[in-house]
file work.pdb (PDB, C-alpha atoms)
ATOM      1  CA  MET A   1     -43.671  38.428 -34.870
ATOM      2  CA  SER A   2     -43.199  36.559 -31.661
ATOM      3  CA  ASP A   3     -41.530  33.792 -33.657
ATOM      4  CA  ASP A   4     -38.458  35.962 -34.008
ATOM      5  CA  HIS A   5     -37.473  35.135 -30.460
ATOM      6  CA  HIS A   6     -37.473  31.417 -31.091
ATOM      7  CA  PRO A   7     -36.257  30.785 -34.595
ATOM      8  CA  ILE A   8     -35.529  27.127 -33.870
ATOM      9  CA  PRO A   9     -38.142  25.343 -31.799
ATOM     10  CA  PRO A  10     -36.680  23.048 -29.151
ATOM     11  CA  SER A  11     -36.497  19.388 -30.135
ATOM     12  CA  PRO A  12     -38.574  16.822 -28.224
ATOM     13  CA  ILE A  13     -35.531  15.668 -26.266
ATOM     14  CA  GLU A  14     -34.665  19.257 -25.301
ATOM     15  CA  ARG A  15     -38.194  19.740 -24.052
ATOM     16  CA  ARG A  16     -37.913  16.572 -21.969
ATOM     17  CA  VAL A  17     -34.701  17.813 -20.360
ATOM     18  CA  VAL A  18     -36.280  21.202 -19.611
ATOM     19  CA  ALA A  19     -39.299  19.439 -18.087
ATOM     20  CA  LEU A  20     -37.033  17.273 -15.932
ATOM     21  CA  GLU A  21     -35.064  20.276 -14.750
ATOM     22  CA  GLU A  22     -38.215  22.228 -13.879
ATOM     23  CA  LEU A  23     -39.723  19.320 -11.993
ATOM     24  CA  LEU A  24     -36.564  18.514 -10.060
ATOM     25  CA  THR A  25     -35.868  22.163  -9.279
ATOM     26  CA  GLU A  26     -39.416  22.591  -8.013
ATOM     27  CA  ARG A  27     -38.910  19.625  -5.710
ATOM     28  CA  GLY A  28     -35.720  21.133  -4.347
ATOM     29  CA  TYR A  29     -33.192  18.698  -5.765
ATOM     30  CA  VAL A  30     -31.263  21.249  -7.814
ATOM     31  CA  PRO A  31     -29.387  23.880  -5.803
ATOM     32  CA  GLU A  32     -29.007  27.127  -7.684
ATOM     33  CA  GLY A  33     -25.901  27.201  -9.841
ATOM     34  CA  PHE A  34     -25.121  23.528  -9.195
ATOM     35  CA  ILE A  35     -25.294  22.371 -12.798
ATOM     36  CA  GLU A  36     -23.078  25.168 -14.080
ATOM     37  CA  ALA A  37     -20.494  24.653 -11.348
ATOM     38  CA  PHE A  38     -20.485  20.896 -11.792
ATOM     39  CA  ASN A  39     -19.926  21.037 -15.528
ATOM     40  CA  ARG A  40     -17.204  23.646 -15.178
ATOM     41  CA  GLY A  41     -15.428  21.426 -12.674
ATOM     42  CA  TYR A  42     -15.305  18.524 -15.061
ATOM     43  CA  GLU A  43     -14.135  20.704 -17.878
ATOM     44  CA  ASN A  44     -11.361  22.511 -16.072
ATOM     45  CA  ASP A  45     -10.317  20.768 -12.919
ATOM     46  CA  ILE A  46     -10.898  17.112 -13.484
ATOM     47  CA  GLY A  47      -9.768  15.621 -16.709
ATOM     48  CA  PRO A  48      -7.222  13.521 -18.484
ATOM     49  CA  MET A  49      -4.430  15.736 -17.151
ATOM     50  CA  ASN A  50      -4.814  13.976 -13.826
ATOM     51  CA  GLY A  51      -4.207  10.609 -15.429
ATOM     52  CA  ALA A  52      -1.267  12.009 -17.388
ATOM     53  CA  LYS A  53       0.401  13.136 -14.159
ATOM     54  CA  VAL A  54       0.018   9.656 -12.708
ATOM     55  CA  VAL A  55       1.530   8.066 -15.815
ATOM     56  CA  ALA A  56       4.448  10.503 -15.964
ATOM     57  CA  ARG A  57       5.299   9.844 -12.325
ATOM     58  CA  ALA A  58       5.187   6.090 -12.907
ATOM     59  CA  TRP A  59       7.625   6.504 -15.804
ATOM     60  CA  SER A  60       9.946   8.646 -13.699
ATOM     61  CA  ASP A  61       9.835   6.869 -10.373
ATOM     62  CA  PRO A  62      10.127   3.044 -10.284
ATOM     63  CA  GLU A  63       8.983   2.926  -6.663
ATOM     64  CA  TYR A  64       5.843   4.876  -7.500
ATOM     65  CA  LYS A  65       5.191   2.609 -10.469
ATOM     66  CA  LYS A  66       5.432  -0.418  -8.198
ATOM     67  CA  ARG A  67       2.908   1.092  -5.778
ATOM     68  CA  LEU A  68       0.644   2.091  -8.648
ATOM     69  CA  LEU A  69       0.461  -1.408 -10.106
ATOM     70  CA  GLU A  70      -0.015  -2.969  -6.679
ATOM     71  CA  ASP A  71      -2.766  -0.643  -5.483
ATOM     72  CA  GLY A  72      -3.961   1.829  -8.084
ATOM     73  CA  THR A  73      -6.527   3.512  -5.859
ATOM     74  CA  ARG A  74      -4.014   4.286  -3.130
ATOM     75  CA  ALA A  75      -1.194   5.406  -5.432
ATOM     76  CA  ILE A  76      -3.538   7.682  -7.374
ATOM     77  CA  ALA A  77      -4.835   9.110  -4.108
ATOM     78  CA  GLU A  78      -1.267  10.313  -3.389
ATOM     79  CA  PHE A  79      -2.071  13.032  -5.915
ATOM     80  CA  GLY A  80      -5.377  13.771  -4.211
ATOM     81  CA  PHE A  81      -7.363  12.265  -7.075
ATOM     82  CA  GLY A  82     -10.303  10.089  -6.186
ATOM     83  CA  GLY A  83     -13.906  10.290  -5.239
ATOM     84  CA  PRO A  84     -16.989   9.137  -7.057
ATOM     85  CA  GLU A  85     -16.349   7.005 -10.124
ATOM     86  CA  GLY A  86     -12.790   6.361  -9.096
ATOM     87  CA  HIS A  87     -13.018   4.556  -5.797
ATOM     88  CA  TYR A  88     -11.458   1.291  -6.975
ATOM     89  CA  MET A  89      -8.817   1.872  -9.605
ATOM     90  CA  VAL A  90      -6.773  -0.834 -11.265
ATOM     91  CA  VAL A  91      -3.770   0.168 -13.376
ATOM     92  CA  VAL A  92      -2.701  -2.208 -16.125
ATOM     93  CA  GLU A  93       0.718  -1.905 -17.747
ATOM     94  CA  ASN A  94       1.487  -2.044 -21.447
ATOM     95  CA  THR A  95       4.704  -3.790 -22.472
ATOM     96  CA  PRO A  96       6.186  -4.594 -25.885
ATOM     97  CA  GLN A  97       4.300  -7.905 -25.733
ATOM     98  CA  VAL A  98       1.064  -6.897 -23.994
ATOM     99  CA  HIS A  99      -1.423  -4.203 -24.974
ATOM    100  CA  ASN A 100      -4.262  -3.346 -22.604
ATOM    101  CA  VAL A 101      -7.523  -1.669 -23.587
ATOM    102  CA  VAL A 102     -10.539  -0.638 -21.520
ATOM    103  CA  VAL A 103     -14.228  -0.911 -22.332
ATOM    104  CA  CYS A 104     -17.467  -0.953 -20.371
ATOM    105  CA  THR A 105     -19.796  -3.521 -21.874
ATOM    106  CA  LEU A 106     -22.739  -2.677 -19.610
ATOM    107  CA  CYS A 107     -22.914   1.092 -19.892
ATOM    108  CA  SER A 108     -20.075   3.587 -19.710
ATOM    109  CA  CYS A 109     -18.130   3.067 -16.498
ATOM    110  CA  TYR A 110     -15.032   5.197 -16.755
ATOM    111  CA  PRO A 111     -12.383   6.475 -14.332
ATOM    112  CA  TRP A 112     -13.623  10.069 -14.254
ATOM    113  CA  PRO A 113     -11.251  11.424 -11.595
ATOM    114  CA  VAL A 114      -8.228  10.584 -13.749
ATOM    115  CA  LEU A 115      -9.649  10.822 -17.262
ATOM    116  CA  GLY A 116     -12.494  13.316 -17.037
ATOM    117  CA  LEU A 117     -15.605  12.826 -19.106
ATOM    118  CA  PRO A 118     -15.708   9.779 -21.352
ATOM    119  CA  PRO A 119     -15.331  10.432 -25.075
ATOM    120  CA  ARG A 120     -18.355  10.017 -27.306
ATOM    121  CA  TRP A 121     -17.244   6.806 -28.971
ATOM    122  CA  TYR A 122     -16.537   5.108 -25.626
ATOM    123  CA  LYS A 123     -20.273   5.135 -24.981
ATOM    124  CA  ASP A 124     -21.293   3.859 -28.403
ATOM    125  CA  ALA A 125     -22.750   0.386 -28.722
ATOM    126  CA  PRO A 126     -20.358  -0.568 -31.565
ATOM    127  CA  TYR A 127     -17.278   0.223 -29.474
ATOM    128  CA  ARG A 128     -18.644  -1.625 -26.484
ATOM    129  CA  ALA A 129     -19.509  -4.733 -28.499
ATOM    130  CA  ARG A 130     -16.628  -4.861 -30.932
ATOM    131  CA  MET A 131     -13.837  -4.207 -28.440
ATOM    132  CA  VAL A 132     -14.785  -7.502 -26.843
ATOM    133  CA  ARG A 133     -15.452  -9.448 -30.034
ATOM    134  CA  GLU A 134     -12.676  -8.223 -32.307
ATOM    135  CA  PRO A 135     -10.324  -5.884 -30.443
ATOM    136  CA  ARG A 136      -7.462  -6.188 -32.912
ATOM    137  CA  ALA A 137      -9.591  -5.163 -35.891
ATOM    138  CA  LEU A 138     -11.255  -2.317 -34.023
ATOM    139  CA  LEU A 139      -7.973  -0.983 -32.652
ATOM    140  CA  LYS A 140      -6.564  -0.997 -36.167
ATOM    141  CA  GLU A 141      -9.552   1.018 -37.415
ATOM    142  CA  MET A 142      -8.905   3.494 -34.626
ATOM    143  CA  GLY A 143      -5.329   3.903 -35.810
ATOM    144  CA  CYS A 144      -3.704   1.554 -33.319
ATOM    145  CA  ASP A 145      -2.180  -1.160 -35.475
ATOM    146  CA  LEU A 146      -0.610  -3.858 -33.326
ATOM    147  CA  ALA A 147       1.762  -6.575 -34.462
ATOM    148  CA  ASP A 148       0.210 -10.037 -34.543
ATOM    149  CA  ASP A 149       2.412 -11.289 -31.735
ATOM    150  CA  VAL A 150       1.263  -8.570 -29.298
ATOM    151  CA  ASP A 151      -1.170 -10.002 -26.798
ATOM    152  CA  ILE A 152      -4.307  -7.833 -26.381
ATOM    153  CA  ARG A 153      -6.035  -7.764 -23.008
ATOM    154  CA  VAL A 154      -9.499  -6.225 -22.829
ATOM    155  CA  TRP A 155     -10.641  -4.977 -19.420
ATOM    156  CA  ASP A 156     -14.337  -4.546 -18.701
ATOM    157  CA  SER A 157     -14.886  -1.551 -16.433
ATOM    158  CA  SER A 158     -17.673  -1.777 -13.913
ATOM    159  CA  ALA A 159     -18.872  -0.136 -10.746
ATOM    160  CA  GLU A 160     -16.490  -2.443  -8.867
ATOM    161  CA  ALA A 161     -13.318  -1.662 -10.787
ATOM    162  CA  ARG A 162     -12.238   1.117 -13.115
ATOM    163  CA  TYR A 163      -9.167   0.536 -15.268
ATOM    164  CA  LEU A 164      -6.418   2.881 -16.343
ATOM    165  CA  VAL A 165      -3.835   1.830 -18.901
ATOM    166  CA  LEU A 166      -0.207   2.663 -18.153
ATOM    167  CA  PRO A 167       1.187   3.222 -21.651
ATOM    168  CA  GLU A 168       4.779   2.419 -22.567
ATOM    169  CA  ARG A 169       7.166   5.309 -22.194
ATOM    170  CA  PRO A 170       8.045   6.529 -25.694
ATOM    171  CA  ASN A 171      11.596   6.062 -26.954
ATOM    172  CA  GLY A 172      13.885   9.059 -26.875
ATOM    173  CA  THR A 173      12.351  10.637 -23.779
ATOM    174  CA  ASP A 174      15.141   9.768 -21.333
ATOM    175  CA  GLY A 175      16.097  13.357 -20.599
ATOM    176  CA  LEU A 176      12.591  14.693 -20.064
ATOM    177  CA  SER A 177      11.279  15.934 -16.732
ATOM    178  CA  GLU A 178       8.102  14.580 -15.189
ATOM    179  CA  GLU A 179       6.278  17.707 -16.277
ATOM    180  CA  GLU A 180       7.472  17.367 -19.852
ATOM    181  CA  LEU A 181       6.451  13.724 -19.869
ATOM    182  CA  THR A 182       2.975  14.644 -18.637
ATOM    183  CA  ALA A 183       2.381  16.635 -21.804
ATOM    184  CA  LEU A 184       3.062  13.558 -23.933
ATOM    185  CA  VAL A 185       0.375  11.388 -22.383
ATOM    186  CA  THR A 186      -2.930  11.368 -24.241
ATOM    187  CA  ARG A 187      -6.339  10.358 -23.014
ATOM    188  CA  ASP A 188      -6.614   7.702 -25.730
ATOM    189  CA  SER A 189      -3.352   6.085 -24.648
ATOM    190  CA  MET A 190      -4.749   5.701 -21.126
ATOM    191  CA  ILE A 191      -7.921   4.042 -22.448
ATOM    192  CA  GLY A 192      -5.690   1.853 -24.573
ATOM    193  CA  VAL A 193      -6.926   2.795 -28.032
ATOM    194  CA  ALA A 194      -3.636   4.482 -28.944
ATOM    195  CA  ARG A 195       0.066   4.005 -28.340
ATOM    196  CA  LEU A 196       2.493   6.827 -27.755
TER     197      LEU A 196
ATOM    198  CA  MET B   1     -19.387   3.577 -36.590
ATOM    199  CA  SER B   2     -16.230   4.745 -38.276
ATOM    200  CA  LEU B   3     -17.636   8.244 -38.540
ATOM    201  CA  GLU B   4     -18.086   8.521 -34.788
ATOM    202  CA  LEU B   5     -14.671   7.080 -34.089
ATOM    203  CA  ASP B   6     -12.973   9.367 -36.554
ATOM    204  CA  ILE B   7     -14.393  12.522 -35.064
ATOM    205  CA  ASP B   8     -12.882  11.765 -31.726
ATOM    206  CA  GLY B   9     -10.309   9.056 -32.322
ATOM    207  CA  PRO B  10      -6.544   9.079 -31.924
ATOM    208  CA  ALA B  11      -6.447  11.505 -34.861
ATOM    209  CA  SER B  12      -7.801  14.265 -32.656
ATOM    210  CA  PRO B  13      -5.082  16.610 -31.400
ATOM    211  CA  PRO B  14      -3.625  15.669 -28.004
ATOM    212  CA  ARG B  15      -4.491  19.046 -26.512
ATOM    213  CA  SER B  16      -8.182  18.388 -27.077
ATOM    214  CA  ASN B  17      -7.706  15.842 -24.302
ATOM    215  CA  GLY B  18      -9.805  17.663 -21.783
ATOM    216  CA  GLU B  19     -12.694  18.488 -24.062
ATOM    217  CA  LEU B  20     -16.217  17.954 -22.926
ATOM    218  CA  VAL B  21     -17.738  15.514 -25.335
ATOM    219  CA  PHE B  22     -21.296  16.704 -25.523
ATOM    220  CA  ASP B  23     -22.892  17.088 -28.933
ATOM    221  CA  ALA B  24     -25.512  19.549 -27.743
ATOM    222  CA  PRO B  25     -26.088  21.805 -24.744
ATOM    223  CA  TRP B  26     -29.016  19.727 -23.467
ATOM    224  CA  GLN B  27     -26.626  16.804 -22.958
ATOM    225  CA  ALA B  28     -24.398  18.814 -20.650
ATOM    226  CA  ARG B  29     -27.530  20.088 -18.948
ATOM    227  CA  VAL B  30     -28.981  16.666 -18.191
ATOM    228  CA  PHE B  31     -25.547  15.473 -17.110
ATOM    229  CA  GLY B  32     -25.257  18.212 -14.503
ATOM    230  CA  LEU B  33     -28.903  17.768 -13.549
ATOM    231  CA  THR B  34     -28.284  14.086 -12.859
ATOM    232  CA  ALA B  35     -25.276  14.992 -10.742
ATOM    233  CA  ALA B  36     -27.476  17.307  -8.681
ATOM    234  CA  VAL B  37     -30.084  14.602  -8.066
ATOM    235  CA  VAL B  38     -27.445  12.009  -7.207
ATOM    236  CA  GLU B  39     -26.002  14.443  -4.693
ATOM    237  CA  THR B  40     -29.148  15.831  -3.081
ATOM    238  CA  ARG B  41     -31.494  12.846  -3.286
ATOM    239  CA  PHE B  42     -29.128   9.867  -3.013
ATOM    240  CA  GLY B  43     -26.327  11.295  -0.898
ATOM    241  CA  GLY B  44     -23.776  10.900  -3.686
ATOM    242  CA  ASP B  45     -24.661   7.282  -4.460
ATOM    243  CA  ARG B  46     -24.745   7.008  -8.239
ATOM    244  CA  GLU B  47     -25.785   3.348  -8.245
ATOM    245  CA  PRO B  48     -29.580   3.855  -8.460
ATOM    246  CA  PHE B  49     -29.132   6.049 -11.507
ATOM    247  CA  ARG B  50     -26.528   3.744 -12.984
ATOM    248  CA  GLN B  51     -28.921   0.805 -12.808
ATOM    249  CA  GLN B  52     -31.561   2.840 -14.614
ATOM    250  CA  LEU B  53     -29.031   3.794 -17.263
ATOM    251  CA  ILE B  54     -27.998   0.189 -17.811
ATOM    252  CA  ALA B  55     -31.662  -0.767 -18.123
ATOM    253  CA  ALA B  56     -32.388   2.105 -20.513
ATOM    254  CA  ILE B  57     -29.462   1.176 -22.765
ATOM    255  CA  ALA B  58     -30.424  -2.499 -22.685
ATOM    256  CA  ALA B  59     -34.021  -1.625 -23.548
ATOM    257  CA  ASP B  60     -32.943   0.074 -26.758
ATOM    258  CA  PRO B  61     -29.262  -0.502 -27.569
ATOM    259  CA  GLN B  62     -29.366   1.495 -30.807
ATOM    260  CA  ARG B  63     -30.764   4.628 -29.175
ATOM    261  CA  PRO B  64     -28.216   7.440 -28.877
ATOM    262  CA  TYR B  65     -26.414   7.418 -25.549
ATOM    263  CA  TRP B  66     -27.685  10.715 -24.162
ATOM    264  CA  ASP B  67     -31.269   9.877 -25.184
ATOM    265  CA  SER B  68     -30.969   6.753 -23.058
ATOM    266  CA  TRP B  69     -29.569   8.902 -20.274
ATOM    267  CA  VAL B  70     -32.658  11.148 -20.364
ATOM    268  CA  ALA B  71     -34.938   8.102 -20.377
ATOM    269  CA  ALA B  72     -33.047   6.717 -17.378
ATOM    270  CA  LEU B  73     -33.455   9.937 -15.411
ATOM    271  CA  GLU B  74     -37.169  10.031 -16.247
ATOM    272  CA  GLN B  75     -37.532   6.469 -14.981
ATOM    273  CA  LEU B  76     -35.653   7.329 -11.804
ATOM    274  CA  VAL B  77     -37.898  10.313 -11.177
ATOM    275  CA  GLU B  78     -40.982   8.205 -11.724
ATOM    276  CA  ARG B  79     -39.763   5.481  -9.387
ATOM    277  CA  ASP B  80     -37.979   7.285  -6.568
ATOM    278  CA  LEU B  81     -38.789  10.985  -6.570
TER     279      LEU B  81
END
call {"tool": "encode", "arguments": {"input": "work.pdb", "output": "structure tokens"}}
result
Amino acid sequence: MSDDHHPIPPSPIERRVVALEELLTERGYVPEGFIEAFNRGYENDIGPMNGAKVVARAWSDPEYKKRLLEDGTRAIAEFGFGGPEGHYMVVVENTPQVHNVVVCTLCSCYPWPVLGLPPRWYKDAPYRARMVREPRALLKEMGCDLADDVDIRVWDSSAEARYLVLPERPNGTDGLSEEELTALVTRDSMIGVARL
Amino acid sequence: MSLELDIDGPASPPRSNGELVFDAPWQARVFGLTAAVVETRFGGDREPFRQQLIAAIAADPQRPYWDSWVAALEQLVERDL
């Protein structure tokens, strides 16, 4: 039976993607191997580790932290991180009294060069709407329970500005090297939906 | 909503940081495909696609994200390619 080769028929959306790829390839817009190489790059080379390095340096080097908060794009470029989706970066600092969190209310603007691909929930309509309307309740649901006297600042990412949260350095990490600190920094803490 | 947040919320292990967050291979495929078009047709300018994506999401806010993405790319092809 010829059916044996295709036990699960492609879904309508899969067929649409295949049709798009065929059409665009035929018109010469898809260099051979481009898609595979692009996706591999995001998976391996560009990801939240970049952001973690930036944060760890800011914790370790007060001068770097000053530069980072003054001009995020330039300070991040010192690492060689930048490019599309990261051309205007603003770094916002968490303190005991202020918690910052990032959302994109229009679509899913996200600082890809420092955080990689956006997580699934970042792109969901409920996250985008509720983080503006009721950030404290939503953060609590996500496991980030803030005291009532902590001021929450919600930053709306756009094509003009992408935000990166500088989390507070955890207690008891005084003796750690920059490299060791890097391993402590999570993606969620740099979006602002978690504390460290 | 809580289901989606739980799958990938702060409860996920820190070392899953770098994970690609596609639910199905076609999503990664259309993502890379869009990157190719942005590069070869628009010289790296993502704005035309981004506008289509914003419009596609606004047209049907409850539609899953990557479905809107596909619709946006279809619109872009129809308009500009």
call {"tool": "resolve_selection", "arguments": {"input": "work.pdb", "expression": "the PyMOL selection byres ((chain A and resi 21) around 12)", "output": "JSON, numbers by chain"}}
result
{"A": [14, 15, 16, 17, 18, 19, 20, 22, 23, 24, 25, 26, 27, 28, 29, 30, 31, 32, 34, 35], "B": [26, 29, 30, 31, 32, 33, 34, 35, 36, 37, 70, 73, 74, 77]}
call {"tool": "atom_distance", "arguments": {"input": "work.pdb", "atom1": "atom CA of Ala37 of chain A", "atom2": "atom CA of Ala28 of chain B"}}
result
11.7 Å
call {"tool": "closest_residue", "arguments": {"input": "work.pdb", "among": "B:Pro61, B:Gln75, B:Arg50, B:Ser68", "to": "Val38 of chain B", "atoms": "all atoms listed in the file"}}
result
B:Arg50
call {"tool": "resolve_selection", "arguments": {"input": "work.pdb", "expression": "the PyMOL selection byres ((chain A and resi 125) around 12)", "output": "ChimeraX atom specification"}}
result
/A:103-108,120-124,126-132 /B:1,4-5,57-58,60-65,68
call {"tool": "closest_residue", "arguments": {"input": "work.pdb", "among": "A:Ser177, A:Ser158, A:Asn94, A:Asn171", "to": "chain B", "atoms": "only C-alpha atoms"}}
result
A:Ser158
call {"tool": "atom_distance", "arguments": {"input": "work.pdb", "atom1": "atom CA of Arg169 of chain A", "atom2": "atom CA of Cys109 of chain A"}}
result
26.0 Å
call {"tool": "residues_around", "arguments": {"input": "work.pdb", "residues": "Glu47 of chain B", "least_positions_apart": "5", "cutoff": "10 Å", "atoms": "all atoms listed in the file", "output": "ChimeraX atom specification"}}
result
/A:159 /B:38,42,52-53
call {"tool": "closest_residue", "arguments": {"input": "work.pdb", "among": "B:Ala71, B:Leu81, B:Ile54, B:Leu76", "to": "chain A", "atoms": "only C-alpha atoms"}}
result
B:Ile54
call {"tool": "atom_distance", "arguments": {"input": "work.pdb", "atom1": "atom CA of Val92 of chain A", "atom2": "atom CA of Pro111 of chain A"}}
result
13.1 Å
call {"tool": "resolve_selection", "arguments": {"input": "work.pdb", "expression": "the PyMOL selection byres ((chain A and resi 168) around 8)", "output": "list in words"}}
result
Glu93, Asn94, Thr95, Pro96, Leu166, Pro167, Arg169, Pro170, Arg195 and Leu196 of chain A
call {"tool": "axis_aligned_box", "arguments": {"input": "work.pdb", "around": "segment 97-110 of chain A", "padding_each_side": "4 Å", "output": "JSON"}}
result
{"center_x": -9.3, "center_y": -1.4, "center_z": -21.1, "size_x": 35.2, "size_y": 21.1, "size_z": 17.2}
call {"tool": "closest_residue", "arguments": {"input": "work.pdb", "among": "A:Leu176, A:Gly82, A:Leu164, A:Leu117", "to": "Asn39 of chain A", "atoms": "only C-alpha atoms"}}
result
A:Leu117
call {"tool": "residues_around", "arguments": {"input": "work.pdb", "residues": "Leu68 of chain A", "least_positions_apart": "3", "cutoff": "12 Å", "atoms": "all atoms listed in the file", "output": "VMD selection string"}}
result
chain A and resid 51 54 to 59 61 to 65 71 to 79 89 to 93 163 to 166
call {"tool": "residues_around", "arguments": {"input": "work.pdb", "residues": "Tyr88 of chain A", "least_positions_apart": "4", "cutoff": "7 Å", "atoms": "all atoms listed in the file", "output": "compact mmCIF listing (two decimals) with C-alpha atoms, in the frame of the given file"}}
result
# COMPACT_ATOMS: atom_id res chain seq x y z
CA THR A 73 -6.53 3.51 -5.86
CA GLU A 160 -16.49 -2.44 -8.87
CA ALA A 161 -13.32 -1.66 -10.79
CA ARG A 162 -12.24 1.12 -13.12
call {"tool": "closest_residue", "arguments": {"input": "work.pdb", "among": "B:Ala55, B:Pro25, B:Thr40, B:Ala72", "to": "chain A", "atoms": "all atoms listed in the file"}}
result
B:Thr40
call {"tool": "residues_around", "arguments": {"input": "work.pdb", "residues": "Val185 of chain A", "least_positions_apart": "4", "cutoff": "7 Å", "atoms": "only C-alpha atoms", "output": "VMD selection string"}}
result
chain A and resid 52 181 189
call {"tool": "build_atoms", "arguments": {"input": "work.pdb", "residues": "segment 29-48 of chain B", "atoms": "N, CA and C atoms", "output": "PDB file, in the coordinates of the input"}}
result
ATOM      1  N   ARG B  29     -26.524  19.677 -19.925  1.00  0.00           N
ATOM      2  CA  ARG B  29     -27.530  20.088 -18.948  1.00  0.00           C
ATOM      3  C   ARG B  29     -28.049  18.870 -18.161  1.00  0.00           C
ATOM      4  N   VAL B  30     -28.405  17.829 -18.871  1.00  0.00           N
ATOM      5  CA  VAL B  30     -28.981  16.666 -18.191  1.00  0.00           C
ATOM      6  C   VAL B  30     -27.899  15.927 -17.398  1.00  0.00           C
ATOM      7  N   PHE B  31     -26.674  16.054 -17.846  1.00  0.00           N
ATOM      8  CA  PHE B  31     -25.547  15.473 -17.110  1.00  0.00           C
ATOM      9  C   PHE B  31     -25.393  16.151 -15.741  1.00  0.00           C
ATOM     10  N   GLY B  32     -25.371  17.477 -15.767  1.00  0.00           N
ATOM     11  CA  GLY B  32     -25.257  18.212 -14.503  1.00  0.00           C
ATOM     12  C   GLY B  32     -26.489  18.042 -13.627  1.00  0.00           C
ATOM     13  N   LEU B  33     -27.648  17.968 -14.275  1.00  0.00           N
ATOM     14  CA  LEU B  33     -28.903  17.768 -13.549  1.00  0.00           C
ATOM     15  C   LEU B  33     -28.882  16.432 -12.806  1.00  0.00           C
ATOM     16  N   THR B  34     -28.388  15.408 -13.480  1.00  0.00           N
ATOM     17  CA  THR B  34     -28.284  14.086 -12.859  1.00  0.00           C
ATOM     18  C   THR B  34     -27.330  14.140 -11.660  1.00  0.00           C
ATOM     19  N   ALA B  35     -26.232  14.856 -11.848  1.00  0.00           N
ATOM     20  CA  ALA B  35     -25.276  14.992 -10.742  1.00  0.00           C
ATOM     21  C   ALA B  35     -25.940  15.632  -9.524  1.00  0.00           C
ATOM     22  N   ALA B  36     -26.791  16.627  -9.782  1.00  0.00           N
ATOM     23  CA  ALA B  36     -27.476  17.307  -8.681  1.00  0.00           C
ATOM     24  C   ALA B  36     -28.393  16.343  -7.935  1.00  0.00           C
ATOM     25  N   VAL B  37     -29.148  15.547  -8.688  1.00  0.00           N
ATOM     26  CA  VAL B  37     -30.084  14.602  -8.066  1.00  0.00           C
ATOM     27  C   VAL B  37     -29.332  13.525  -7.284  1.00  0.00           C
ATOM     28  N   VAL B  38     -28.255  13.028  -7.883  1.00  0.00           N
ATOM     29  CA  VAL B  38     -27.445  12.009  -7.207  1.00  0.00           C
ATOM     30  C   VAL B  38     -26.943  12.560  -5.874  1.00  0.00           C
ATOM     31  N   GLU B  39     -26.541  13.817  -5.892  1.00  0.00           N
ATOM     32  CA  GLU B  39     -26.002  14.443  -4.693  1.00  0.00           C
ATOM     33  C   GLU B  39     -27.095  14.717  -3.649  1.00  0.00           C
ATOM     34  N   THR B  40     -28.162  15.353  -4.063  1.00  0.00           N
ATOM     35  CA  THR B  40     -29.148  15.831  -3.081  1.00  0.00           C
ATOM     36  C   THR B  40     -30.160  14.762  -2.685  1.00  0.00           C
ATOM     37  N   ARG B  41     -30.471  13.833  -3.593  1.00  0.00           N
ATOM     38  CA  ARG B  41     -31.494  12.846  -3.286  1.00  0.00           C
ATOM     39  C   ARG B  41     -30.896  11.512  -2.815  1.00  0.00           C
ATOM     40  N   PHE B  42     -29.699  11.178  -3.332  1.00  0.00           N
ATOM     41  CA  PHE B  42     -29.128   9.867  -3.013  1.00  0.00           C
ATOM     42  C   PHE B  42     -27.815   9.965  -2.243  1.00  0.00           C
ATOM     43  N   GLY B  43     -27.525  11.139  -1.717  1.00  0.00           N
ATOM     44  CA  GLY B  43     -26.327  11.295  -0.898  1.00  0.00           C
ATOM     45  C   GLY B  43     -25.037  10.936  -1.616  1.00  0.00           C
ATOM     46  N   GLY B  44     -25.001  11.169  -2.943  1.00  0.00           N
ATOM     47  CA  GLY B  44     -23.776  10.900  -3.686  1.00  0.00           C
ATOM     48  C   GLY B  44     -23.698   9.488  -4.256  1.00  0.00           C
ATOM     49  N   ASP B  45     -24.675   8.655  -3.949  1.00  0.00           N
ATOM     50  CA  ASP B  45     -24.661   7.282  -4.460  1.00  0.00           C
ATOM     51  C   ASP B  45     -25.216   7.248  -5.887  1.00  0.00           C
ATOM     52  N   ARG B  46     -24.337   6.974  -6.840  1.00  0.00           N
ATOM     53  CA  ARG B  46     -24.745   7.008  -8.239  1.00  0.00           C
ATOM     54  C   ARG B  46     -25.402   5.695  -8.686  1.00  0.00           C
ATOM     55  N   GLU B  47     -25.333   4.682  -7.839  1.00  0.00           N
ATOM     56  CA  GLU B  47     -25.785   3.348  -8.245  1.00  0.00           C
ATOM     57  C   GLU B  47     -27.254   3.289  -8.700  1.00  0.00           C
ATOM     58  N   PRO B  48     -28.192   3.924  -7.972  1.00  0.00           N
ATOM     59  CA  PRO B  48     -29.580   3.855  -8.460  1.00  0.00           C
ATOM     60  C   PRO B  48     -29.723   4.400  -9.879  1.00  0.00           C
TER      61      PRO B  48
END
